[in-house]
There are 2 protein chains.
Amino acid sequence: MGSIAIAEQLAKKQREISVSEFFERNKHILGFDSPTRALLTSVKEAVDNALDACQEVSILPDILVHLERADTDEFRLIVEDNGPGIVKRQVSKVFGKLLYGSRFHIWSQTRGQQGLGISGAILYGQITTGRPATIVSKTSQADVAYKVELVIDTKKNRPQTVSQQFEVWEKSSGTRVEIFLKGRYVHGKQSVMEYLRDTAIVNPYAQITFLSPDGQRILFERASTELPRPPVEVKPHPHGMELGILVRMAKESPARKITSFLQTEFSRISSRVAKAICKHAGISQDLRPKSLKLHEAKKILEAFEKVKIMAPPTDCLSPIGELLIRKGLRNVVGALRPEFYCPPITRPPAVYGGHPFQVEVGIVFGGNLPSDQPVEILRYANRVPLLYQQGGCACTKAVEGMDWRRYGVEQRGGRGVPHGPMIILVHVCSTKVPFTSESKEAIAPIPEIVNEITLALRECGRRLRSHINRRAQKAKTEEKFEIVRALLPRIAEKSAAIVCRPVPDITKTIAKIMNVVWVDEQVVYEDGRHKARIDVHNYTPTGKRFKLHAIIPKEALDLSSVNPRPSEIRPDGKLSWSLPRLSATTSSTIVYELPGLEKGDYPDVELFVSGINPINVVGAQPLPGDWDLVSEDVQEDEPVADYDTRQEVLASD
Amino acid sequence: MGSIAIAEQLAKKQREISVSEFFERNKHILGFDSPTRALLTSVKEAVDNALDACQEVSILPDILVHLERADTDEFRLIVEDNGPGIVKRQVSKVFGKLLYGSRFHIWSQTRGQQGLGISGAILYGQITTGRPATIVSKTSQADVAYKVELVIDTKKNRPQTVSQQFEVWEKSSGTRVEIFLKGRYVHGKQSVMEYLRDTAIVNPYAQITFLSPDGQRILFERASTELPRPPVEVKPHPHGMELGILVRMAKESPARKITSFLQTEFSRISSRVAKAICKHAGISQDLRPKSLKLHEAKKILEAFEKVKIMAPPTDCLSPIGELLIRKGLRNVVGALRPEFYCPPITRPPAVYGGHPFQVEVGIVFGGNLPSDQPVEILRYANRVPLLYQQGGCACTKAVEGMDWRRYGVEQRGGRGVPHGPMIILVHVCSTKVPFTSESKEAIAPIPEIVNEITLALRECGRRLRSHINRRAQKAKTEEKFEIVRALLPRIAEKSAAIVCRPVPDITKTIAKIMNVVWVDEQVVYEDGRHKARIDVHNYTPTGKRFKLHAIIPKEALDLSSVNPRPSEIRPDGKLSWSLPRLSATTSSTIVYELPGLEKGDYPDVELFVSGINPINVVGAQPLPGDWDLVSEDVQEDEPVADYDTRQEVLASD
């Protein structure tokens with residue numbers, strides 16, 4: 001075979017690959033690598049679409065998921081929503097063409113973004129069962145629904161209609177998709193049920209009915225009628241913009257001046273900022289964007305980093321919030337009783353590659369959570385639970401990259417997934433979540449995102465450490481207390497008997513030995529509300545006057561129930577009390593009630609003290625510097641002894 | 001806003017997404033999620049392409065990789081090969097269009113398969129630097145090379161020529177690609193250097209020259225001129241075929257009869273097997289493929305699993321082989337000295353979804369490898385080292401899913417990555433490696449593949465356990481030996497002195513106490529070859545006659561050096577010796593030489609015995625049942641005592 005023949009022969013093999021062919025061959029990339037996962041992925045894509053459709057037009061979602069066994073390893077999946085429906089001429093393309101959709105060219109926080117999900121599920125169904133998908137859709141204006149049976153022509157990546165008709169549908173609007181597919185229905189981890197339950201928790205405004213293949217009907221009831229605001233579109237933020245993209249945007253812009261180009265195409269660039277950028281970059285404000293040169297674009301990029309530009313707007317992001325994070329964790333915990341719910345951390349919004357994103361983290365620890373296992377990591381992206389590919393996810397990388405030993409958690413060698421009784425929940429929301437693959441199960445470890453997750457984890461870690469320390473300190477002091485309380489009275493009795501005198505009162509002696517202020521919190525659930533009580537015992541020989549502070553979930557607190565009234569109440573749930581002077585061996589009590597929590601949802605309230613030497617306090621931490629108290633702190637411990645030391649019995653007489 | 005407006009308004013947003021736009025937005029999916037990884041991915045895609053091009057036409061590859069700093073975080077990457085070149089009319093499409101290539105529609109083991117790699121790198125360069133890529137290519141027939149500067153029009157996914165010309169090139173044929181891109185050059189793990197070194201090891205027929213950004217010139221010399229055979233195309237194997245694909249293939253087939261369709265479109269279906277399939281499926285042999293019904297196709301699929309069909313052909317797969325696996329491991333080990341090189345395991349070819357694949361595994365253990373770290377996992381797919389996304393990879397899943405404690409390796413809770421002084425190498429080759437994403441850094445955990453890797457790991461694990469046991473047994477016996485040898489002579493001396501008689505010979509007494517046959521292997525490296533010596537000491541009170549067996553890498557052994565001659569030599573490197581009768585306290589020695597190994601490459605030779613009670617043997621294992629010896633085994637231990645027990649000194653006289 002001559003050389004020309006070789007090159008020519010190779011040339012003949014060169015061909016265009018249709019995106020449908022590509023995924024027909026690489027269905028695992030879309031999340032269809034095993035029958036178990038394929039079933040979950042299909043449900044997920046359909047439900048995510050339904051939630052997006054409803055949220056986009058502010059309809060409270062009412063979603064039916066019906067999974068029926070069609071053969072030994074074949075299922076019929078029906079997902080039906082009450083969304084706005086799809087106009088007839090678009091139905092076939094939306095479901096029968098890969099890389100077709102409405103959300104790709106818009107920067108907003110939606111679950112679906114790629115135009116690959118549901119058409120991928122239909123492709124998978126067709127590959128594994130050879131059967132077409134059926135879609136029914138009705139817009140509220142139409143009298144009848146449009147029903148189409150279609151397959152995907154993979155060579156051409158386009159829908160091929162098998163049959164179509166109009167039919168009466170009782171719904172005012174909505175969409176219903178029916179797919180036959182190969183699958184395996186499992187229970188427990190990574191199951192359809194787990195996905196639906198997790199989804200219901202972080203989307204409490206949705207009602208989801210699940211008809212399972214076992215013939216069960218499970219209703220995830222709507223827990224709130226408060227819809228998150230519809231996703232807001234944003235322009236790219238200048239931070240992290242790529243040079244080539246900037247050049248292309250400038251070339252494509254209709255703007256006549258570079259300043260107006262900057263203002264219209266980016267978020268957070270005002271006229272003033274645009275001028276400052278031009279000045280910093282050393283280019284004319286009147287430069288035509290179309291004639292922007294590469295070196296000028298480079299200067300603008302540099303200016304983006306140098307000129308002060310506001311952080312991205314937050315209204316385009318919809319975090320799940322503290323209460324739902326807590327609820328998500330509680331749900332996973334099930335019947336187990338963890339010892340500590342770390343208050344969830346919500347980071348301020350940040351940017352990667354021009355996309356705003358935000359990180360939330362929650363941790364539960366201890367109790368009877370399994371202690372000989374790697375910690376469990378729950379991952380969410382844009383309110384969608386991620387159940388596969390944990391290893392490759394930014395969330396996991398961040399957890400693995402931290403030295404958890406510093407926070408009192410066991411971790412071999414100070415890296416890798418730590419071991420112990422802990423569950424970590426991470427949520428990343430963004431106008432564009434960078435998934436590692438089209439199956440959208442793992443967030444790419446983009447440095448900016450890993451960094452934000454790490455910062456949130458560290459914050460949780462510090463709180464965890466402070467809890468663990470407090471617990472250890474309390475346990476140690478408690479032990480000492482027990483000994484002192486058991487021993488001293490017997491010594492007093494014996495001594496009194498020997499010298500034939502009455503048994504003295506030794507309370508104050510105990511106080512002198514213990515020398516701590518003991519802060520204790522107790523909670524009971526009664527009459528549909530949590531009733532909390534903080535007891536402060538002064539087990540020191542001197543009188544104390546100081547402030548007690550607590551962070552209490554403000555949305556759950558009944559302020560009128562707080563007694564005594566706090567001296568300061570702040571909107572973020574930080575409460576402060578100036579306690580009355582506590583004489584030696586006396587106590588003081590604070591009570592409050594939280595009606596806004598479900599049973600068992602009670603958080604670990606963090607207690608702090610100021611105006612007292614914190615090493616003498618058990619059960620509360622020194623107040624961190626960032627509290628910025630309005631009123632001045634009270635004086636440090638009063639110096640005068642509070643009782644007559646001559647009363648002491650144990651003096652060596 | 002009325003409802004019709006909503007649905008209509010949404011419809012207006014529905015758009016087709018070009019595959020280039022998709023990856024412009026999702027460049028991390030192609031492996032460009034950080035500047036460090038982006039640089040590596042670009043080098044990798046270009047080098048993989050160069051290797052594929054050469055191998056396809058059986059040219060010994062001579063590849064230049066030149067990385068030059070163009071700006072603080074910008075590099076110029078040049079990769080040049082001596083492959084067959086690309087004809088002019090294809091150059092722009094191959095490099096300037098995503099999902100375009102020659103290897104997608106062919107089932108053969110190649111590195112590139114998707115038509116996404118190199119055009120993805122060019123897209124990334126364009127995104128991050130705004131600069132076009134330059135390609136020079138010359139086929140051996142052409143007098144001059146064709147040079148083109150191009151950018152990718154992302155909206156249309158097609159190349160846009162910036163300039164083109166012909167130029168003289170000294171090469172007879174080859175291709176050179178030059179890309180400017182944002183990157184970060186690092187050393188150590190996951191670096192360009194590591195990738196090139198690992199690549200050179202498993203592709204020893206390639207010569208790779210690397211000009212690094214530090215101005216260094218590193219030459220990875222060709223270590224072998226033996227090219228692996230060019231990739232062989234195969235038809236899909238019937239096992240794991242999907243219903244929908246079968247139906248589509250039948251519809252598209254020009255065959256007139258279902259039997260000829262089966263024979264021509266699948267591998268391993270002969271006329272006889274085709275008929276058996278039809279019979280089992282209960283369909284006529286004359287059925288026209290085009291009219292195949294869904295239920296009939298289902299029957300055929302069932303028949304595929306029931307009728308005996310040969311395993312897939314192996315000639316389409318090119319495993320890296322024991323020697324190169326060992327070399328790859330030795331290279332990673334570096335200056336450390338592991339204690340045990342487990343003989344690499346090559347599994348027989350298997351099938352997933354119609355694609356043949358094959359798994360190889362090698363393990364090193366012990367010595368001064370770090371013992372407090374998770375074990376290191378080296379992953380290869382089709383001779384390409386995988387450096388990212390370890391967590392999501394089938395190789396890692398298989399390692400994590402095994403209970404390593406059974407094999408003597410530390411593993412918390414019996415799952416997860418084990419800890420200890422161990423490195424595991426896994427290679428998967430296939431006509432289609434199912435990567436989890438287009439960045440081709442992790443193999444999807446397809447059940448069939450995870451299963452094969454697990455089987456190979458278990459086999460290695462058993463050998464490792466046997467090594468660890470042997471070591472422990474030897475250490476224990478050695479300790480006993482030391483004590484006996486130190487103590488008995490002194491007791492003999494003392495006793496002799498007390499009774500005023502000469503010190504007796506206690507060799508046989510020691511033998512009686514020890515009661516073991518001791519097998520010991522020692523190796524020295526001299527005159528460019530490993531010289532090995534097996535000593536067999538009979539430390540028992542009776543004569544022994546038995547067989548010794550060893551597995552020695554046959555490709556490295558000098559058979560003429562083996563002394564005494566083995567009684568049996570088998571092609572797989574299994575050697576057996578019928579040892580002469582060994583009297584009590586005597587020894588026997590076997591020597592052999594291995595010229596075919598590099599210094600330090602000497603394997604842990606496995607020794608076995610038969611014809612003797614193995615519990616009396618230290619340093620060799622009982623012969624496994626699968627050896628199928630040709631000659632009969634010698635008798636079990638001879639019963640008659642070999643010396644006069646009256647000679648014993650320590651009898652209580």
# chains A, B, ... in the order shown; residues from 1 in each chain; ligands from 1

call {"tool": "interface_residues", "arguments": {"of": "chain B", "to": "chain A", "cutoff": "7 Å", "atoms": "only C-alpha atoms", "output": "PyMOL selection string"}}
result
chain B and resi 3-4+7-8+11+13-17+26+28-29+33-34+84-87+90+99-102+126-130+139-141+242-245+247+294+372-373+389+391-392+413+434+436-437+444+446

call {"tool": "residues_around", "arguments": {"residues": "Lys508 in chain A", "least_positions_apart": "6", "cutoff": "8 Å", "atoms": "only C-alpha atoms", "output": "PyMOL selection string"}}
result
chain A and resi 540-541+584-585+648

call {"tool": "residues_around", "arguments": {"residues": "Val136 in chain A", "least_positions_apart": "3", "cutoff": "9 Å", "atoms": "only C-alpha atoms", "output": "list in words"}}
result
Glu80, Gly85, Val91, Ala145, Tyr146, Lys147, Val148, Glu149, Phe166, Glu167, Gly174, Thr175, Arg176, Val177 and Glu178 of chain A

call {"tool": "atom_distance", "arguments": {"atom1": "CA of Arg337 in chain B", "atom2": "CA of Phe365 in chain B"}}
result
9.4 Å

call {"tool": "residues_around", "arguments": {"residues": "Tyr407 in chain A", "least_positions_apart": "4", "cutoff": "12 Å", "atoms": "only C-alpha atoms", "output": "list in words"}}
result
Phe365, Met402, Asp403, Gln411, Gly414, Pro418, Leu457, Arg458, Glu459, Cys460, Gly461, Arg462, Arg463, Leu464, Arg465, Ser466, His467, Ile468 and Asn469 of chain A

call {"tool": "select_by_dssp", "arguments": {"residues": "range 111-223 of chain B", "states": "alpha helix (DSSP H)", "output": "ChimeraX atom specification"}}
result
/B:117-129,192-202

call {"tool": "select_by_dssp", "arguments": {"residues": "range 78-191 of chain B", "states": "strand (DSSP E)", "output": "MDAnalysis selection string"}}
result
chainID B and resid 78:81 100:101 133:138 145:153 158:167 174:182

call {"tool": "residues_around", "arguments": {"residues": "Gly183 in chain A", "least_positions_apart": "2", "cutoff": "9 Å", "atoms": "only C-alpha atoms", "output": "number ranges by chain"}}
result
A: 34-40, 73-75, 181, 185

call {"tool": "write_last_selection", "arguments": {"atoms": "all heavy atoms", "output": "CSV table (one decimal), in the first residue's frame"}}
result
chain,number,residue,atom,x,y,z
A,34,SER,N,-25.5,1.8,34.2
A,34,SER,CA,-26.0,0.5,34.7
A,34,SER,C,-27.5,0.6,34.8
A,34,SER,O,-28.1,1.8,34.8
A,34,SER,CB,-25.4,0.2,36.1
A,34,SER,OG,-26.0,1.1,37.0
A,35,PRO,N,-28.2,-0.5,34.7
A,35,PRO,CA,-29.7,-0.4,34.8
A,35,PRO,C,-30.2,0.3,36.0
A,35,PRO,O,-31.2,1.1,35.9
A,35,PRO,CB,-30.1,-1.9,34.8
A,35,PRO,CG,-29.0,-2.6,34.1
A,35,PRO,CD,-27.8,-1.9,34.6
A,36,THR,N,-29.6,0.2,37.1
A,36,THR,CA,-30.0,0.9,38.4
A,36,THR,C,-29.9,2.4,38.2
A,36,THR,O,-30.8,3.1,38.5
A,36,THR,CB,-29.1,0.5,39.6
A,36,THR,OG1,-29.1,-1.0,39.6
A,36,THR,CG2,-29.7,1.0,40.9
A,37,ARG,N,-28.7,2.8,37.8
A,37,ARG,CA,-28.5,4.2,37.6
A,37,ARG,C,-29.3,4.8,36.5
A,37,ARG,O,-29.8,5.9,36.6
A,37,ARG,CB,-27.0,4.5,37.4
A,37,ARG,CG,-26.7,6.0,37.4
A,37,ARG,CD,-25.2,6.2,37.3
A,37,ARG,NE,-25.0,7.7,37.1
A,37,ARG,CZ,-23.9,8.2,36.6
A,37,ARG,NH1,-22.9,7.4,36.3
A,37,ARG,NH2,-23.8,9.5,36.5
A,38,ALA,N,-29.5,4.0,35.4
A,38,ALA,CA,-30.3,4.5,34.3
A,38,ALA,C,-31.7,4.9,34.7
A,38,ALA,O,-32.2,5.9,34.3
A,38,ALA,CB,-30.3,3.5,33.2
A,39,LEU,N,-32.3,4.0,35.5
A,39,LEU,CA,-33.7,4.3,36.0
A,39,LEU,C,-33.7,5.6,36.8
A,39,LEU,O,-34.6,6.4,36.6
A,39,LEU,CB,-34.1,3.1,36.8
A,39,LEU,CG,-35.6,3.0,37.0
A,39,LEU,CD1,-36.4,2.8,35.7
A,39,LEU,CD2,-36.0,1.9,38.0
A,40,LEU,N,-32.8,5.7,37.7
A,40,LEU,CA,-32.7,6.9,38.5
A,40,LEU,C,-32.5,8.2,37.6
A,40,LEU,O,-33.2,9.2,37.8
A,40,LEU,CB,-31.6,6.8,39.5
A,40,LEU,CG,-31.3,8.1,40.3
A,40,LEU,CD1,-32.5,8.4,41.2
A,40,LEU,CD2,-30.0,8.0,41.1
A,73,ASP,N,-36.8,-6.8,33.1
A,73,ASP,CA,-35.9,-5.7,33.4
A,73,ASP,C,-36.3,-4.4,32.6
A,73,ASP,O,-35.4,-3.6,32.3
A,73,ASP,CB,-34.4,-6.1,33.0
A,73,ASP,CG,-34.3,-6.5,31.6
A,73,ASP,OD1,-35.4,-6.6,30.9
A,73,ASP,OD2,-33.2,-6.6,31.1
A,74,GLU,N,-37.6,-4.3,32.3
A,74,GLU,CA,-38.0,-3.2,31.5
A,74,GLU,C,-39.1,-2.5,32.3
A,74,GLU,O,-40.0,-3.1,33.0
A,74,GLU,CB,-38.6,-3.7,30.2
A,74,GLU,CG,-38.7,-2.7,29.1
A,74,GLU,CD,-39.1,-3.3,27.8
A,74,GLU,OE1,-38.5,-4.3,27.3
A,74,GLU,OE2,-40.1,-2.8,27.3
A,75,PHE,N,-39.1,-1.1,32.3
A,75,PHE,CA,-40.0,-0.3,33.1
A,75,PHE,C,-40.7,0.6,32.1
A,75,PHE,O,-40.2,1.0,31.1
A,75,PHE,CB,-39.3,0.4,34.2
A,75,PHE,CG,-38.9,-0.4,35.3
A,75,PHE,CD1,-37.7,-1.1,35.2
A,75,PHE,CD2,-39.7,-0.6,36.4
A,75,PHE,CE1,-37.3,-1.9,36.3
A,75,PHE,CE2,-39.3,-1.4,37.5
A,75,PHE,CZ,-38.1,-2.1,37.4
A,181,LEU,N,-38.0,1.8,29.3
A,181,LEU,CA,-36.6,1.7,29.4
A,181,LEU,C,-36.1,0.5,30.2
A,181,LEU,O,-36.9,0.0,31.0
A,181,LEU,CB,-36.0,3.0,30.0
A,181,LEU,CG,-36.2,3.2,31.5
A,181,LEU,CD1,-35.3,4.4,31.9
A,181,LEU,CD2,-37.6,3.6,31.8
A,185,TYR,N,-34.9,-1.6,39.6
A,185,TYR,CA,-35.5,-0.8,40.7
A,185,TYR,C,-35.0,-1.3,42.0
A,185,TYR,O,-35.1,-2.5,42.4
A,185,TYR,CB,-37.0,-0.9,40.7
A,185,TYR,CG,-37.7,-0.1,41.7
A,185,TYR,CD1,-37.8,1.3,41.5
A,185,TYR,CD2,-38.2,-0.6,42.9
A,185,TYR,CE1,-38.4,2.1,42.5
A,185,TYR,CE2,-38.8,0.2,43.8
A,185,TYR,CZ,-38.9,1.6,43.6
A,185,TYR,OH,-39.5,2.4,44.6

call {"tool": "atom_distance", "arguments": {"atom1": "CA of Ser267 in chain A", "atom2": "CA of Lys235 in chain A"}}
result
5.0 Å

call {"tool": "closest_residue", "arguments": {"among": "A:Arg383, A:Arg565, A:Arg545, A:Lys279", "to": "Val609 in chain A", "atoms": "only C-alpha atoms"}}
result
A:Arg545

call {"tool": "closest_residue", "arguments": {"among": "B:Gln207, B:Asn368, B:Pro344, B:His355", "to": "Gly240 in chain B", "atoms": "only C-alpha atoms"}}
result
B:His355

call {"tool": "residues_around", "arguments": {"residues": "Val361 in chain B", "least_positions_apart": "6", "cutoff": "12 Å", "atoms": "only C-alpha atoms", "output": "mmCIF file with N, CA and C atoms, in the first residue's frame"}}
result
data_model
loop_
_atom_site.group_PDB
_atom_site.id
_atom_site.type_symbol
_atom_site.label_atom_id
_atom_site.label_comp_id
_atom_site.auth_asym_id
_atom_site.auth_seq_id
_atom_site.Cartn_x
_atom_site.Cartn_y
_atom_site.Cartn_z
ATOM 1 N N PRO B 319 -2.872 -5.593 25.099
ATOM 2 C CA PRO B 319 -2.503 -5.337 26.502
ATOM 3 C C PRO B 319 -1.036 -4.918 26.592
ATOM 4 N N ILE B 320 -0.642 -4.319 27.714
ATOM 5 C CA ILE B 320 0.743 -3.858 27.793
ATOM 6 C C ILE B 320 1.710 -4.958 28.216
ATOM 7 N N GLY B 321 1.220 -5.986 28.849
ATOM 8 C CA GLY B 321 2.084 -7.134 29.137
ATOM 9 C C GLY B 321 2.806 -7.037 30.468
ATOM 10 N N GLU B 322 3.203 -8.218 30.964
ATOM 11 C CA GLU B 322 3.800 -8.308 32.294
ATOM 12 C C GLU B 322 5.019 -7.438 32.460
ATOM 13 N N LEU B 323 5.939 -7.522 31.481
ATOM 14 C CA LEU B 323 7.212 -6.820 31.651
ATOM 15 C C LEU B 323 7.010 -5.311 31.772
ATOM 16 N N LEU B 324 6.139 -4.766 30.903
ATOM 17 C CA LEU B 324 5.947 -3.311 30.934
ATOM 18 C C LEU B 324 5.172 -2.876 32.183
ATOM 19 N N ILE B 325 4.289 -3.730 32.650
ATOM 20 C CA ILE B 325 3.578 -3.407 33.896
ATOM 21 C C ILE B 325 4.586 -3.322 35.036
ATOM 22 N N ARG B 326 5.477 -4.305 35.074
ATOM 23 C CA ARG B 326 6.492 -4.337 36.094
ATOM 24 C C ARG B 326 7.380 -3.091 36.000
ATOM 25 N N GLY B 328 6.547 -0.214 34.613
ATOM 26 C CA GLY B 328 5.773 0.959 35.018
ATOM 27 C C GLY B 328 5.767 1.096 36.532
ATOM 28 N N LEU B 329 5.600 -0.019 37.219
ATOM 29 C CA LEU B 329 5.568 0.013 38.681
ATOM 30 C C LEU B 329 6.934 0.392 39.238
ATOM 31 N N TYR B 341 7.136 -7.792 44.447
ATOM 32 C CA TYR B 341 6.483 -7.482 43.175
ATOM 33 C C TYR B 341 5.558 -8.632 42.853
ATOM 34 N N CYS B 342 4.281 -8.410 42.999
ATOM 35 C CA CYS B 342 3.330 -9.481 42.701
ATOM 36 C C CYS B 342 3.319 -9.723 41.192
ATOM 37 N N PRO B 343 3.439 -10.975 40.755
ATOM 38 C CA PRO B 343 3.410 -11.222 39.311
ATOM 39 C C PRO B 343 2.130 -10.654 38.699
ATOM 40 N N PRO B 344 2.254 -9.806 37.672
ATOM 41 C CA PRO B 344 1.060 -9.172 37.094
ATOM 42 C C PRO B 344 0.058 -10.196 36.562
ATOM 43 N N ILE B 345 -1.194 -9.842 36.659
ATOM 44 C CA ILE B 345 -2.286 -10.705 36.214
ATOM 45 C C ILE B 345 -2.878 -10.132 34.928
ATOM 46 N N THR B 346 -3.013 -10.961 33.916
ATOM 47 C CA THR B 346 -3.732 -10.553 32.708
ATOM 48 C C THR B 346 -4.980 -11.413 32.602
ATOM 49 N N ARG B 347 -6.141 -10.775 32.644
ATOM 50 C CA ARG B 347 -7.387 -11.525 32.563
ATOM 51 C C ARG B 347 -7.665 -11.906 31.107
ATOM 52 N N ILE B 377 -2.937 4.241 43.339
ATOM 53 C CA ILE B 377 -3.554 3.490 42.245
ATOM 54 C C ILE B 377 -3.122 4.117 40.929
ATOM 55 N N LEU B 378 -2.456 3.344 40.072
ATOM 56 C CA LEU B 378 -2.054 3.830 38.753
ATOM 57 C C LEU B 378 -3.028 3.274 37.737
ATOM 58 N N ARG B 379 -3.596 4.162 36.952
ATOM 59 C CA ARG B 379 -4.632 3.718 36.026
ATOM 60 C C ARG B 379 -4.215 3.986 34.581
ATOM 61 N N TYR B 380 -4.458 3.020 33.712
ATOM 62 C CA TYR B 380 -4.202 3.184 32.285
ATOM 63 C C TYR B 380 -5.417 2.699 31.503
ATOM 64 N N CYS B 395 -11.632 1.576 38.097
ATOM 65 C CA CYS B 395 -10.461 0.978 38.755
ATOM 66 C C CYS B 395 -10.540 1.232 40.262
ATOM 67 N N ALA B 398 -13.358 -0.685 42.000
ATOM 68 C CA ALA B 398 -13.031 -2.093 42.221
ATOM 69 C C ALA B 398 -12.119 -2.231 43.439
ATOM 70 N N VAL B 399 -11.122 -1.348 43.542
ATOM 71 C CA VAL B 399 -10.207 -1.404 44.690
ATOM 72 C C VAL B 399 -10.989 -1.163 45.984
ATOM 73 N N ILE B 423 1.264 -0.249 45.875
ATOM 74 C CA ILE B 423 0.901 0.470 44.660
ATOM 75 C C ILE B 423 0.202 -0.525 43.750
ATOM 76 N N ILE B 424 -0.944 -0.109 43.227
ATOM 77 C CA ILE B 424 -1.720 -0.998 42.359
ATOM 78 C C ILE B 424 -1.771 -0.379 40.967
ATOM 79 N N LEU B 425 -1.432 -1.156 39.949
ATOM 80 C CA LEU B 425 -1.548 -0.664 38.574
ATOM 81 C C LEU B 425 -2.673 -1.418 37.880
ATOM 82 N N VAL B 426 -3.570 -0.682 37.236
ATOM 83 C CA VAL B 426 -4.662 -1.315 36.488
ATOM 84 C C VAL B 426 -4.664 -0.779 35.068
ATOM 85 N N HIS B 427 -4.680 -1.686 34.108
ATOM 86 C CA HIS B 427 -4.813 -1.273 32.701
ATOM 87 C C HIS B 427 -6.061 -1.919 32.121
ATOM 88 N N VAL B 428 -6.888 -1.106 31.486
ATOM 89 C CA VAL B 428 -8.056 -1.622 30.787
ATOM 90 C C VAL B 428 -7.885 -1.270 29.320
ATOM 91 N N CYS B 429 -7.904 -2.269 28.451
ATOM 92 C CA CYS B 429 -7.895 -1.934 27.029
ATOM 93 C C CYS B 429 -9.152 -2.486 26.389
ATOM 94 N N GLU B 452 -14.369 -7.581 36.243
ATOM 95 C CA GLU B 452 -13.103 -8.136 35.743
ATOM 96 C C GLU B 452 -11.914 -7.585 36.530
ATOM 97 N N ILE B 453 -11.945 -6.290 36.824
ATOM 98 C CA ILE B 453 -10.844 -5.703 37.591
ATOM 99 C C ILE B 453 -10.790 -6.364 38.969
ATOM 100 N N THR B 454 -11.982 -6.563 39.554
ATOM 101 C CA THR B 454 -12.032 -7.186 40.874
ATOM 102 C C THR B 454 -11.427 -8.586 40.854
ATOM 103 N N LEU B 455 -11.762 -9.349 39.804
ATOM 104 C CA LEU B 455 -11.219 -10.704 39.722
ATOM 105 C C LEU B 455 -9.697 -10.665 39.640
ATOM 106 N N ALA B 456 -9.162 -9.737 38.861
ATOM 107 C CA ALA B 456 -7.708 -9.626 38.732
ATOM 108 C C ALA B 456 -7.095 -9.188 40.065
ATOM 109 N N LEU B 457 -7.747 -8.247 40.739
ATOM 110 C CA LEU B 457 -7.231 -7.775 42.028
ATOM 111 C C LEU B 457 -7.223 -8.903 43.053
ATOM 112 N N ARG B 458 -8.278 -9.718 43.035
ATOM 113 C CA ARG B 458 -8.352 -10.826 43.989
ATOM 114 C C ARG B 458 -7.207 -11.800 43.779
ATOM 115 N N GLU B 459 -6.950 -12.080 42.487
ATOM 116 C CA GLU B 459 -5.867 -13.002 42.158
ATOM 117 C C GLU B 459 -4.540 -12.450 42.701
ATOM 118 N N CYS B 460 -4.317 -11.137 42.455
ATOM 119 C CA CYS B 460 -3.114 -10.498 42.995
ATOM 120 C C CYS B 460 -3.143 -10.558 44.521
ATOM 121 N N GLY B 461 -4.323 -10.312 45.069
ATOM 122 C CA GLY B 461 -4.468 -10.309 46.513
ATOM 123 C C GLY B 461 -4.092 -11.658 47.114
#
